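To start, the structure itself, in structure tokens.
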Amino acid sequence: MTLQELQKDMIAAMKAKDKVRKDVISSLIAAVKKYGIDNGVRNDITEEMTDSVLLKELKTAKEQLDTCPAERTDLLETYKTNYGIIQEYVPAQLSEEEIIALLTEKYSELIATKNKGMIMKTVMAELKGKADGKVISEAVAKLCK
């Protein structure tokens with residue numbers, strides 16, 4: 001997902017008078033721009049940077065959803081809506097089975113060492129943004145049994 005695509009979708013939401021969607025996309029754009037500025041890139045924000053911000057925002061939305069009290073149905077609905085909209089923009093994530101297959105294919109000699117720390121350090125560099133760290137950790141734990 002690129003910043004320009006997000007901006008086009010925000011304009012489409014504004015034209016459709018979809019205030020909730022516009023607000024969520026606007027906050028995503030602001031987060032991407034802030035991340036770009038923090039990393040010294042003002043205009044040339046890469047797709048990888050955008051994707052990493054989207055993943056972070058999705059994780060934050062999930063935490064809001066998980067920590068919201070059940071009796072606050074109004075907040076729950078808002079958080080569910082926000083989570084759903086953000087999820088549309090996040091790149092597809094690898095499943096645990098796909099991660100295990102990738103690890104056994106590419107890193108079989110490293111897995112044979114059963115050194116979880118070394119495996120995670122090597123694998124996280126390649127899978128960053130493609131899979132959730134928790135899922136990667138669980139897959140590595142299964143392989144190191």
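In the structure tokens, chains take the letters A, B, ... in the order shown, each chain's residues start at 1, and ligands count up from 1 in the order shown.
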
Distance query region 32-44 of chain A at most 9 Å, only C-alpha atoms, self and fewer than 6 positions along chain excluded, as a PyMOL selection string
chain A and resi 3+50-54

Generate the output file for the selected residues, N, CA and C atoms, as a short mmCIF file (atom, residue, chain, number, x, y, z; two decimals), in the first residue's frame.
```cif
data_model
loop_
_atom_site.label_atom_id
_atom_site.label_comp_id
_atom_site.auth_asym_id
_atom_site.auth_seq_id
_atom_site.Cartn_x
_atom_site.Cartn_y
_atom_site.Cartn_z
N LEU A 3 1.29 5.59 0.08
CA LEU A 3 0.66 6.76 0.69
C LEU A 3 -0.33 7.38 -0.29
N THR A 50 5.19 2.42 4.71
CA THR A 50 3.74 2.52 4.86
C THR A 50 3.17 1.23 5.44
N ASP A 51 3.62 0.10 4.92
CA ASP A 51 3.12 -1.19 5.42
C ASP A 51 3.46 -1.40 6.89
N SER A 52 4.66 -1.01 7.29
CA SER A 52 5.03 -1.20 8.70
C SER A 52 4.17 -0.33 9.62
N VAL A 53 3.84 0.88 9.18
CA VAL A 53 2.97 1.75 9.97
C VAL A 53 1.56 1.16 10.02
N LEU A 54 1.09 0.64 8.90
CA LEU A 54 -0.25 0.04 8.88
C LEU A 54 -0.33 -1.15 9.82
#
```

Compile the contact shell of Val140 (chain A) as a VMD selection string: residues with an atom at most 9 Å away, counting only C-alpha atoms, same-chain residues fewer than 4 positions apart removed.
chain A and resid 99 to 100 103 111 116 119 to 120 135 to 136 144 to 145

Of the listed residues A:Gln93, A:Thr81, A:Thr2, A:Thr67, that which approaches Asp23 (chain A) most closely, counting only C-alpha atoms
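Counting only C-alpha atoms, the residue closest to Asp23 (chain A) is A:Thr81.
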
Out of region 15-132 of chain A, which residues get alpha helix (DSSP H) from DSSP, as a PyMOL selection string?
chain A and resi 15+19-38+47-67+73-89+96-106+108-111+116-127

Looking at A:Asp66, A:Val123, A:Lys130, A:Ala61, which one is nearest to Leu94 (chain A), with distances taken over only C-alpha atoms?
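With only C-alpha atoms as the atom set, the closest residue is A:Lys130.
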
Top pick for closest residue to Lys56 (chain A), considering A:Ala125, A:Ala112, A:Ile86, A:Ala12 and counting only C-alpha atoms:
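Closest residue, counting only C-alpha atoms: A:Ile86.
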